[in-house]
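Structure file data_5.txt with compact mmCIF, C-alpha atoms:
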# COMPACT_ATOMS: atom_id res chain seq x y z
CA MET A 1 56.96 52.91 42.78
CA THR A 2 54.81 49.91 41.76
CA THR A 3 55.73 46.72 43.59
CA ILE A 4 55.37 43.12 42.43
CA ALA A 5 52.49 42.73 44.87
CA ASP A 6 50.76 45.77 43.36
CA SER A 7 51.30 44.35 39.87
CA GLU A 8 49.78 41.00 40.83
CA SER A 9 46.85 42.80 42.47
CA MET A 10 46.26 44.78 39.26
CA HIS A 11 46.32 41.58 37.23
CA GLN A 12 43.72 39.99 39.51
CA VAL A 13 41.47 43.07 39.27
CA PHE A 14 41.75 42.99 35.48
CA ILE A 15 40.88 39.27 35.37
CA ALA A 16 37.94 39.74 37.75
CA LYS A 17 36.46 42.65 35.79
CA PHE A 18 37.29 41.51 32.25
CA PRO A 19 37.35 37.68 32.21
CA HIS A 20 36.71 37.45 28.45
CA GLU A 21 39.62 39.72 27.61
CA ALA A 22 41.76 37.91 30.15
CA ALA A 23 40.90 34.56 28.55
CA GLN A 24 42.06 35.93 25.20
CA VAL A 25 45.39 36.90 26.77
CA PHE A 26 45.72 33.49 28.45
CA GLU A 27 45.27 31.73 25.10
CA SER A 28 48.65 33.04 23.99
CA TYR A 29 50.35 31.28 26.95
CA SER A 30 51.41 27.67 27.27
CA SER A 31 49.08 25.39 29.24
CA GLN A 32 51.55 25.18 32.14
CA GLU A 33 51.85 28.97 32.34
CA ILE A 34 48.06 29.23 32.44
CA ILE A 35 47.80 26.67 35.25
CA ASP A 36 50.50 28.47 37.26
CA THR A 37 48.57 31.73 36.95
CA LEU A 38 45.20 30.16 37.84
CA HIS A 39 46.62 28.97 41.18
CA SER A 40 46.64 32.56 42.44
CA LEU A 41 43.02 33.30 41.48
CA PRO A 42 39.78 32.72 43.41
CA ASP A 43 37.79 29.65 42.34
CA ASN A 44 34.97 31.63 40.75
CA GLU A 45 37.47 33.64 38.66
CA VAL A 46 39.12 30.40 37.50
CA ALA A 47 35.69 29.15 36.38
CA LYS A 48 35.06 32.38 34.42
CA ILE A 49 38.41 32.09 32.64
CA ILE A 50 37.84 28.41 31.81
CA SER A 51 34.35 29.17 30.48
CA ALA A 52 35.62 31.95 28.23
CA MET A 53 38.52 29.99 26.71
CA SER A 54 38.28 28.01 23.49
CA PRO A 55 36.89 24.55 24.43
CA THR A 56 39.94 22.75 23.04
CA LEU A 57 42.34 24.67 25.31
CA ALA A 58 39.92 24.70 28.25
CA ALA A 59 39.61 20.90 28.17
CA GLU A 60 43.40 20.60 28.06
CA ILE A 61 43.68 22.83 31.14
CA ILE A 62 40.92 20.93 32.97
CA GLY A 63 42.79 17.68 32.38
CA LYS A 64 45.96 19.09 33.98
CA LEU A 65 44.57 21.09 36.92
CA PRO A 66 45.42 19.77 40.40
CA GLU A 67 42.42 18.03 41.94
CA PRO A 68 41.64 20.57 44.72
CA LEU A 69 41.60 23.49 42.27
CA LEU A 70 39.70 21.44 39.70
CA LEU A 71 36.92 20.42 42.10
CA ASN A 72 36.52 23.95 43.45
CA CYS A 73 36.41 25.33 39.89
CA PHE A 74 33.68 22.86 38.86
CA SER A 75 31.38 24.09 41.60
CA HIS A 76 31.26 27.46 39.78
CA LEU A 77 30.92 26.17 36.19
CA GLN A 78 27.56 25.90 34.44
CA SER A 79 26.47 22.26 34.20
CA THR A 80 26.33 22.31 30.40
CA VAL A 81 29.83 23.81 30.13
CA ALA A 82 31.24 21.33 32.66
CA ALA A 83 29.63 18.39 30.81
CA SER A 84 30.95 19.61 27.44
CA LEU A 85 34.51 19.91 28.78
CA LEU A 86 34.39 16.55 30.57
CA GLN A 87 33.32 14.76 27.40
CA ARG A 88 36.56 15.87 25.77
CA LEU A 89 38.59 13.99 28.39
CA SER A 90 39.40 10.30 28.46
CA LYS A 91 36.73 8.04 29.93
CA GLN A 92 38.86 7.18 32.95
CA LYS A 93 39.68 10.83 33.70
CA ARG A 94 36.04 11.82 33.26
CA GLU A 95 34.80 9.13 35.63
CA ASN A 96 37.42 10.02 38.23
CA ILE A 97 36.40 13.68 38.23
CA LEU A 98 32.67 12.90 38.48
CA ALA A 99 33.34 10.47 41.33
CA SER A 100 35.31 13.16 43.19
CA LEU A 101 32.63 15.84 42.87
CA PRO A 102 29.96 16.34 45.54
CA LEU A 103 26.98 14.06 44.88
CA GLN A 104 24.57 16.86 44.00
CA LEU A 105 27.03 18.55 41.63
CA SER A 106 27.77 15.27 39.86
CA ALA A 107 24.02 14.63 39.53
CA ASP A 108 23.54 18.07 37.95
CA ILE A 109 26.26 17.50 35.34
CA SER A 110 25.59 13.85 34.41
CA PRO A 111 22.25 14.35 32.58
CA PHE A 112 24.01 16.63 30.06
CA MET A 113 26.31 13.74 29.17
CA GLU A 114 23.59 11.12 28.67
CA TYR A 115 21.31 10.92 25.62
CA SER A 116 18.74 8.43 24.38
CA GLU A 117 19.83 5.93 21.74
CA ASP A 118 18.06 7.57 18.79
CA SER A 119 18.90 11.16 19.74
CA VAL A 120 21.32 13.53 18.03
CA GLY A 121 23.36 13.64 21.24
CA MET A 122 24.42 10.04 20.71
CA LEU A 123 25.87 10.95 17.30
CA MET A 124 27.66 14.19 18.06
CA ASP A 125 31.41 14.48 18.34
CA VAL A 126 32.34 16.80 21.24
CA LYS A 127 35.96 17.12 20.12
CA TYR A 128 35.31 19.90 17.62
CA PHE A 129 37.71 22.81 17.07
CA SER A 130 36.44 26.33 17.67
CA LEU A 131 37.89 29.80 18.09
CA SER A 132 36.57 33.04 19.51
CA GLU A 133 35.24 35.69 17.13
CA ASP A 134 37.40 38.41 18.67
CA LEU A 135 40.69 36.78 17.64
CA THR A 136 42.72 38.26 14.82
CA VAL A 137 43.78 36.05 11.91
CA GLU A 138 47.35 36.03 13.26
CA GLU A 139 46.22 34.88 16.72
CA ALA A 140 43.87 32.31 15.21
CA ILE A 141 46.60 30.78 13.04
CA LYS A 142 48.81 30.38 16.13
CA GLN A 143 46.01 28.50 17.91
CA VAL A 144 45.37 26.33 14.87
CA ARG A 145 49.03 25.35 14.76
CA SER A 146 49.13 24.69 18.50
CA HIS A 147 45.82 22.98 19.23
CA ALA A 148 43.96 22.02 16.03
CA PRO A 149 43.54 18.37 15.02
CA ARG A 150 45.47 17.16 12.01
CA HIS A 151 42.54 16.91 9.58
CA LEU A 152 40.79 20.27 9.91
CA ASN A 153 38.66 21.79 7.15
CA GLU A 154 36.52 24.35 8.93
CA ILE A 155 36.53 26.21 12.24
CA TYR A 156 33.43 26.93 14.31
CA ILE A 157 33.42 30.49 15.61
CA ILE A 158 32.02 31.19 19.08
CA ASP A 159 31.77 34.18 21.38
CA ARG A 160 33.27 34.20 24.85
CA GLY A 161 30.07 32.66 26.24
CA GLN A 162 30.56 29.61 23.99
CA ILE A 163 27.59 30.71 21.84
CA LEU A 164 27.94 29.61 18.21
CA VAL A 165 28.08 32.66 15.93
CA GLY A 166 29.56 31.42 12.65
CA LEU A 167 31.75 29.15 10.57
CA LEU A 168 35.10 29.79 8.87
CA PRO A 169 36.75 27.52 6.27
CA LEU A 170 40.41 26.92 7.10
CA ARG A 171 41.45 28.08 3.62
CA ASP A 172 39.78 31.49 4.15
CA LEU A 173 41.65 31.91 7.44
CA PHE A 174 45.10 31.46 5.91
CA LEU A 175 44.32 33.71 2.93
CA ALA A 176 43.00 36.63 5.04
CA PRO A 177 45.00 39.67 6.23
CA SER A 178 46.70 38.98 9.56
CA GLU A 179 45.10 41.92 11.42
CA GLN A 180 41.50 41.09 10.45
CA THR A 181 39.23 39.54 13.10
CA LEU A 182 37.37 36.26 12.66
CA ALA A 183 34.05 38.05 13.19
CA VAL A 184 34.55 39.81 9.87
CA LEU A 185 35.56 36.69 7.94
CA MET A 186 33.10 34.10 9.23
CA LYS A 187 29.92 32.88 7.59
CA ARG A 188 27.02 33.61 9.93
CA GLU A 189 24.17 31.58 8.42
CA LEU A 190 24.44 27.90 9.26
CA PRO A 191 22.06 25.19 10.48
CA THR A 192 22.01 23.91 14.06
CA ILE A 193 20.30 21.04 15.84
CA HIS A 194 19.52 20.30 19.50
CA PRO A 195 21.07 17.15 21.06
CA LEU A 196 17.65 15.79 22.09
CA GLU A 197 16.25 15.95 18.56
CA ASN A 198 15.56 12.70 16.72
CA GLN A 199 18.31 11.54 14.37
CA GLU A 200 15.87 11.77 11.44
CA GLN A 201 16.24 15.56 11.66
CA VAL A 202 19.93 15.22 10.76
CA VAL A 203 19.06 13.89 7.29
CA GLU A 204 16.48 16.62 6.72
CA ILE A 205 18.94 19.39 7.64
CA CYS A 206 21.68 17.82 5.50
CA HIS A 207 19.46 17.79 2.39
CA GLU A 208 18.03 21.26 3.05
CA TRP A 209 21.34 23.03 3.72
CA LYS A 210 23.70 20.84 1.61
CA VAL A 211 26.29 20.67 4.41
CA LEU A 212 28.86 18.04 5.42
CA THR A 213 28.79 18.78 9.16
CA ILE A 214 26.04 20.03 11.46
CA PRO A 215 26.72 21.88 14.74
CA VAL A 216 24.81 20.75 17.84
CA THR A 217 23.73 23.51 20.24
CA ASP A 218 21.70 23.78 23.43
CA LEU A 219 18.64 26.02 23.79
CA ASP A 220 20.86 29.03 24.48
CA GLY A 221 22.85 28.49 21.28
CA ARG A 222 25.92 27.18 23.12
CA LEU A 223 27.99 24.87 20.91
CA LEU A 224 28.07 21.33 22.33
CA GLY A 225 29.42 19.24 19.45
CA ILE A 226 29.12 18.50 15.76
CA ILE A 227 27.63 15.77 13.58
CA ARG A 228 30.28 14.71 11.08
CA ASN A 229 29.81 13.65 7.47
CA GLN A 230 30.29 9.92 8.10
CA ASP A 231 27.62 10.00 10.82
CA ILE A 232 25.18 11.78 8.49
CA ILE A 233 25.73 9.10 5.84
CA GLN A 234 25.18 6.36 8.43
CA VAL A 235 21.90 7.94 9.57
CA GLU A 236 20.75 8.18 5.93
CA LYS A 237 21.45 4.48 5.45
CA GLU A 238 19.57 3.57 8.61
CA GLU A 239 16.59 5.73 7.69
CA ALA A 240 16.40 4.08 4.28
CA THR A 241 16.39 0.58 5.77
CA ILE A 242 13.93 1.60 8.47
CA SER A 243 11.48 2.76 5.79
CA MET A 244 11.80 -0.61 4.07
CA GLN A 245 10.82 -2.36 7.31
CA THR A 246 8.03 -0.05 8.48
CA MET A 247 6.30 -0.07 5.08
CA VAL A 248 5.52 -3.78 5.56
CA GLY A 249 4.67 -3.58 9.26
CA ALA A 250 8.03 -4.60 10.76
CA SER A 251 9.30 -2.51 13.67
CA LYS A 252 12.13 -0.05 13.06
CA ASP A 253 13.75 -1.40 16.25
CA GLU A 254 14.03 -4.95 14.91
CA ARG A 255 17.41 -6.20 13.69
CA ALA A 256 18.39 -9.30 11.73
CA LEU A 257 19.58 -11.01 14.94
CA SER A 258 16.81 -9.77 17.24
CA SER A 259 15.24 -12.45 19.42
CA PRO A 260 12.32 -14.40 17.87
CA TRP A 261 10.01 -13.28 20.70
CA PHE A 262 10.85 -9.60 20.07
CA ALA A 263 10.18 -10.02 16.34
CA ILE A 264 6.87 -11.82 16.97
CA ARG A 265 5.74 -9.16 19.43
CA LYS A 266 6.49 -6.36 16.96
CA ARG A 267 5.15 -7.99 13.79
CA LEU A 268 2.06 -9.85 15.03
CA PRO A 269 -0.22 -6.81 15.62
CA TRP A 270 0.23 -5.69 12.01
CA LEU A 271 -0.28 -9.20 10.70
CA GLN A 272 -3.56 -9.36 12.63
CA ILE A 273 -4.60 -6.05 11.09
CA ASN A 274 -3.62 -7.39 7.68
CA LEU A 275 -5.79 -10.44 8.33
CA LEU A 276 -8.79 -8.22 8.99
CA THR A 277 -8.17 -6.34 5.75
CA ALA A 278 -7.86 -9.67 3.91
CA PHE A 279 -11.27 -10.69 5.22
CA LEU A 280 -12.60 -7.35 3.97
CA ALA A 281 -11.28 -8.10 0.48
CA ALA A 282 -12.68 -11.64 0.72
CA SER A 283 -16.10 -10.25 1.64
CA VAL A 284 -16.07 -8.24 -1.59
CA VAL A 285 -15.48 -11.46 -3.53
CA GLY A 286 -18.28 -13.11 -1.54
CA MET A 287 -20.72 -10.44 -2.69
CA PHE A 288 -20.31 -11.74 -6.24
CA GLU A 289 -20.37 -15.46 -5.41
CA ASP A 290 -23.20 -16.19 -7.84
CA THR A 291 -21.43 -14.41 -10.70
CA ILE A 292 -18.20 -16.36 -10.05
CA ALA A 293 -20.13 -19.66 -9.85
CA LYS A 294 -21.73 -18.90 -13.20
CA PHE A 295 -18.52 -17.77 -14.92
CA THR A 296 -15.58 -19.71 -13.49
CA ALA A 297 -13.15 -17.88 -15.77
CA LEU A 298 -13.55 -14.86 -13.49
CA ALA A 299 -11.87 -16.71 -10.58
CA VAL A 300 -8.88 -17.48 -12.79
CA LEU A 301 -8.45 -13.83 -13.77
CA LEU A 302 -8.98 -12.24 -10.34
CA PRO A 303 -5.25 -12.44 -9.32
CA VAL A 304 -4.27 -10.72 -12.58
CA VAL A 305 -6.35 -7.63 -11.78
CA ALA A 306 -5.32 -7.51 -8.11
CA GLY A 307 -1.64 -8.03 -8.93
CA GLN A 308 -1.43 -5.22 -11.48
CA SER A 309 -3.28 -2.73 -9.30
CA GLY A 310 -1.08 -3.70 -6.34
CA ASN A 311 2.11 -3.05 -8.31
CA THR A 312 0.79 0.27 -9.57
CA GLY A 313 -0.04 1.42 -6.05
CA ALA A 314 3.35 0.28 -4.71
CA GLN A 315 5.18 2.31 -7.37
CA ALA A 316 3.25 5.47 -6.51
CA LEU A 317 3.74 4.83 -2.79
CA ALA A 318 7.51 4.45 -3.13
CA VAL A 319 7.89 7.66 -5.15
CA VAL A 320 5.74 9.75 -2.77
CA CYS A 321 7.39 8.36 0.39
CA ARG A 322 10.81 9.23 -1.03
CA GLY A 323 9.61 12.72 -1.96
CA LEU A 324 8.33 13.29 1.58
CA ALA A 325 11.55 11.96 3.12
CA LEU A 326 13.72 14.25 0.96
CA LYS A 327 11.41 17.26 1.48
CA ASP A 328 10.74 17.46 -2.27
CA ILE A 329 7.02 17.62 -1.54
CA ARG A 330 4.77 18.62 1.37
CA PRO A 331 1.32 17.35 2.42
CA SER A 332 -0.17 20.64 1.19
CA GLN A 333 0.82 19.57 -2.34
CA TRP A 334 -1.36 16.46 -2.21
CA LEU A 335 -3.55 17.51 -5.14
CA PRO A 336 -0.84 17.96 -7.84
CA VAL A 337 0.96 14.84 -6.60
CA ALA A 338 -2.24 12.77 -6.61
CA LEU A 339 -3.18 14.06 -10.07
CA LYS A 340 0.26 13.25 -11.44
CA GLU A 341 0.18 9.68 -10.11
CA SER A 342 -3.40 9.28 -11.35
CA TYR A 343 -2.40 10.35 -14.87
CA VAL A 344 0.54 7.94 -14.79
CA ALA A 345 -1.69 5.11 -13.55
CA LEU A 346 -4.30 5.89 -16.20
CA GLY A 347 -1.75 5.80 -19.01
CA ASN A 348 -0.20 2.59 -17.72
CA GLY A 349 -3.66 1.14 -17.12
CA VAL A 350 -4.73 1.67 -20.73
CA ALA A 351 -1.51 0.09 -22.03
CA VAL A 352 -1.68 -2.90 -19.65
CA ALA A 353 -5.41 -3.32 -20.32
CA ALA A 354 -4.73 -3.56 -24.07
CA THR A 355 -2.11 -6.27 -23.53
CA THR A 356 -4.28 -8.13 -21.01
CA GLY A 357 -7.37 -7.90 -23.22
CA ALA A 358 -5.51 -9.37 -26.18
CA ALA A 359 -4.24 -12.28 -24.06
CA VAL A 360 -7.68 -12.94 -22.55
CA PHE A 361 -9.38 -12.90 -25.96
CA VAL A 362 -6.88 -15.42 -27.34
CA TRP A 363 -7.45 -17.60 -24.24
CA SER A 364 -11.26 -17.33 -23.94
CA GLY A 365 -12.47 -16.10 -27.33
CA SER A 366 -14.99 -13.88 -25.45
CA TRP A 367 -15.28 -10.24 -26.41
CA GLY A 368 -17.38 -9.60 -23.30
CA LEU A 369 -14.77 -11.03 -20.91
CA THR A 370 -12.05 -9.11 -22.76
CA ALA A 371 -13.91 -5.80 -22.35
CA VAL A 372 -14.69 -6.47 -18.68
CA ILE A 373 -11.11 -7.24 -17.67
CA GLY A 374 -9.80 -4.35 -19.77
CA GLY A 375 -12.18 -1.88 -18.15
CA SER A 376 -11.56 -3.17 -14.63
CA MET A 377 -7.80 -3.03 -15.21
CA VAL A 378 -7.97 0.69 -16.05
CA ILE A 379 -10.29 1.48 -13.12
CA SER A 380 -8.34 -0.52 -10.51
CA MET A 381 -4.92 0.80 -11.59
CA LEU A 382 -6.25 4.37 -11.59
CA MET A 383 -7.55 3.97 -8.03
CA ALA A 384 -4.30 2.27 -6.97
CA GLY A 385 -2.16 5.14 -8.28
CA PHE A 386 -4.32 7.71 -6.53
CA SER A 387 -4.28 5.71 -3.26
CA GLY A 388 -0.52 5.18 -3.40
CA ALA A 389 -0.07 8.95 -3.58
CA ILE A 390 -2.66 10.01 -1.03
CA ILE A 391 -2.06 7.46 1.79
CA PRO A 392 1.45 8.68 2.77
CA MET A 393 0.27 12.29 2.44
CA ILE A 394 -2.53 11.63 4.92
CA LEU A 395 -0.17 9.90 7.35
CA ARG A 396 2.31 12.79 7.22
CA SER A 397 -0.44 15.37 7.78
CA LEU A 398 -1.43 13.39 10.91
CA ASN A 399 2.21 13.63 12.10
CA GLN A 400 2.75 9.93 11.49
CA ASP A 401 5.59 8.22 9.68
CA PRO A 402 4.39 8.06 6.04
CA ALA A 403 6.13 4.73 5.59
CA GLN A 404 4.58 3.13 8.68
CA SER A 405 2.66 0.09 7.38
CA SER A 406 1.36 2.11 4.43
CA SER A 407 1.75 -0.92 2.17
CA ILE A 408 -0.73 -2.86 4.34
CA ILE A 409 -3.33 -0.10 3.96
CA LEU A 410 -2.58 0.16 0.25
CA THR A 411 -2.92 -3.60 -0.30
CA THR A 412 -6.43 -3.49 1.15
CA VAL A 413 -7.43 -0.59 -1.07
CA THR A 414 -6.00 -2.14 -4.25
CA ASP A 415 -7.50 -5.58 -3.57
CA VAL A 416 -10.94 -4.18 -2.83
CA ALA A 417 -10.78 -1.84 -5.84
CA GLY A 418 -9.55 -4.61 -8.15
CA PHE A 419 -12.05 -7.24 -7.04
CA PHE A 420 -15.00 -4.82 -6.93
CA SER A 421 -14.34 -3.28 -10.34
CA PHE A 422 -13.73 -6.62 -12.05
CA LEU A 423 -16.59 -8.57 -10.49
CA GLY A 424 -18.92 -5.55 -10.53
CA LEU A 425 -18.44 -5.02 -14.27
CA ALA A 426 -18.78 -8.76 -14.85
CA THR A 427 -22.11 -8.74 -13.00
CA ILE A 428 -23.41 -5.68 -14.85
CA PHE A 429 -22.44 -7.02 -18.26
CA SER A 430 -22.99 -10.70 -17.50
CA ARG A 431 -25.17 -11.17 -20.56
CA PHE A 432 -22.17 -10.46 -22.77
CA LEU A 433 -20.12 -13.17 -21.06
CA GLU A 434 -22.37 -16.01 -22.24

Produce structure tokens that represent the structure in this file.
Amino acid sequence: MTTIADSESMHQVFIAKFPHEAAQVFESYSSQEIIDTLHSLPDNEVAKIISAMSPTLAAEIIGKLPEPLLLNCFSHLQSTVAASLLQRLSKQKRENILASLPLQLSADISPFMEYSEDSVGMLMDVKYFSLSEDLTVEEAIKQVRSHAPRHLNEIYIIDRGQILVGLLPLRDLFLAPSEQTLAVLMKRELPTIHPLENQEQVVEICHEWKVLTIPVTDLDGRLLGIIRNQDIIQVEKEEATISMQTMVGASKDERALSSPWFAIRKRLPWLQINLLTAFLAASVVGMFEDTIAKFTALAVLLPVVAGQSGNTGAQALAVVCRGLALKDIRPSQWLPVALKESYVALGNGVAVAATTGAAVFVWSGSWGLTAVIGGSMVISMLMAGFSGAIIPMILRSLNQDPAQSSSIILTTVTDVAGFFSFLGLATIFSRFLE
């Protein structure tokens, strides 16, 4: 006859040999019943059961375990699993547990809870809801009703090792036959991101996959958290404003209320570079000093040429930078992009040159000056359009931010092109300017 002691011994053998199956059985119990059962198990078996449970339930159990059992259990948990469960607890509870752990164990766990400011780990929400793939629809619905948050749209599906294996919309769960398993229903193809990745990658994945949430996994594929829709939108906003700053040489780290010294330290190097490029443009003007002295009207019209070519280049630059940011184009497509912007600049250049030429003829009455400024306008705008397209492409191919101070480089190119074409043509055809 089987005694109670024999029955308990059989249960312990089953749990020791089949922890994943045992965890599935435990998930149908109340949290207090689970804790009462765990008291009779060795510490390493408790850790196996906790690791195989759904994270939502496991965190609930961790928060209620008596301290001696909790501390002994943590010594057998993987550091990443322990960190993931701790992050689901209140700050005070989390700090108390870490303070109670042996120093070395606490030091092993802590790095998996700390991320740099611009990393994905700082954005992720660890309080996601997930279920094991081996659950039936009936069992899953019970867990949803017992443990799921109020606003739940989709369920992340994991195996008993916490490895992410799929995604299941809540609607599909409630419409499926009760005996079917989640492994059959779930969608297997979904994007993931590592917590140490830069936040810029979040925007790229969002646009590529057209998703509202992005799961965060470690190198083994273990689910650590999710990036929610509102966080993705916030990152997109920040990336857009960062591009606005870096294009003109301001640091992406600078804020409106940053200290003056910080702003000076970040902006001054680029202003010094801009000064050098300004001297380069000025040297081009100096090459034609005699021509300008002879025809003073050229000095009056120089800003017109430089301004139009600068605007043309800025338009091309903005379009290409946006295309690179949204993954619409790649550096390998530089030729069709550059040709397109060159054609646009050429068409605009001819139209602007016609308007400018008419205005200059009315002002000066010189056909020679009209032809020179018209020709230089077309040449300088054509070069500006090409440069605006090619500069960000070059920066991206060099693994640099295509928006980083590209406008400073472009300004130099457009100024030099505008001044050289205008004054060069004026020098060549000076006899027609008399």

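Minimum atom-to-atom distance to Ser31 in chain A, evaluated using all atoms listed in the file, belongs to A:Ala59 out of A:Ala389, A:Ala59, A:Ala359, A:Val184.
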
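Candidate residues A:Ala384, A:Val378, A:Leu168, A:Ile329 were compared for distance to Gly347 in chain A, and the nearest is A:Val378, using all atoms listed in the file.
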
Nearest-residue call for Ile408 in chain A, choices A:Leu271, A:Leu105, A:Ile34, A:Leu335, using only C-alpha atoms: A:Leu271

To one decimal place, how far is CA of Ile158 in chain A from CA of Leu223 in chain A in Å? 7.7 Å

Could you name the residues that touch Glu60 in chain A at 9 Å or less, counting all atoms listed in the file, but leaving out those on the same chain fewer than 5 positions away, as a list in words? Ser31, Pro55, Leu65, Leu85, Arg88 and Leu89 of chain A

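Proximity ranking of A:Asp290, A:Glu189, A:Asp108, A:Glu114 relative to Trp209 in chain A places A:Glu189 first, based on only C-alpha atoms.
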
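Note that the spacing between CA of Asp118 in chain A and CA of Phe74 in chain A amounts to 29.7 Å.
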
Counting only C-alpha atoms, find the residues whose atoms lie at most 9 Å from (34.7, 30.5, 32.8) (file coordinates) and write them out as an MDAnalysis selection string. chainID A and resid 19:20 23 44:53 73 76:78 81 160:161

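When all atoms listed in the file are used to compute distances to Phe422 in chain A, the closest of the residues A:Gln32, A:Val216, A:Val350, A:Leu298 turns out to be A:Leu298.
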
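If you look at CA of Thr312 in chain A and CA of Met381 in chain A, they are 6.1 Å away from each other.
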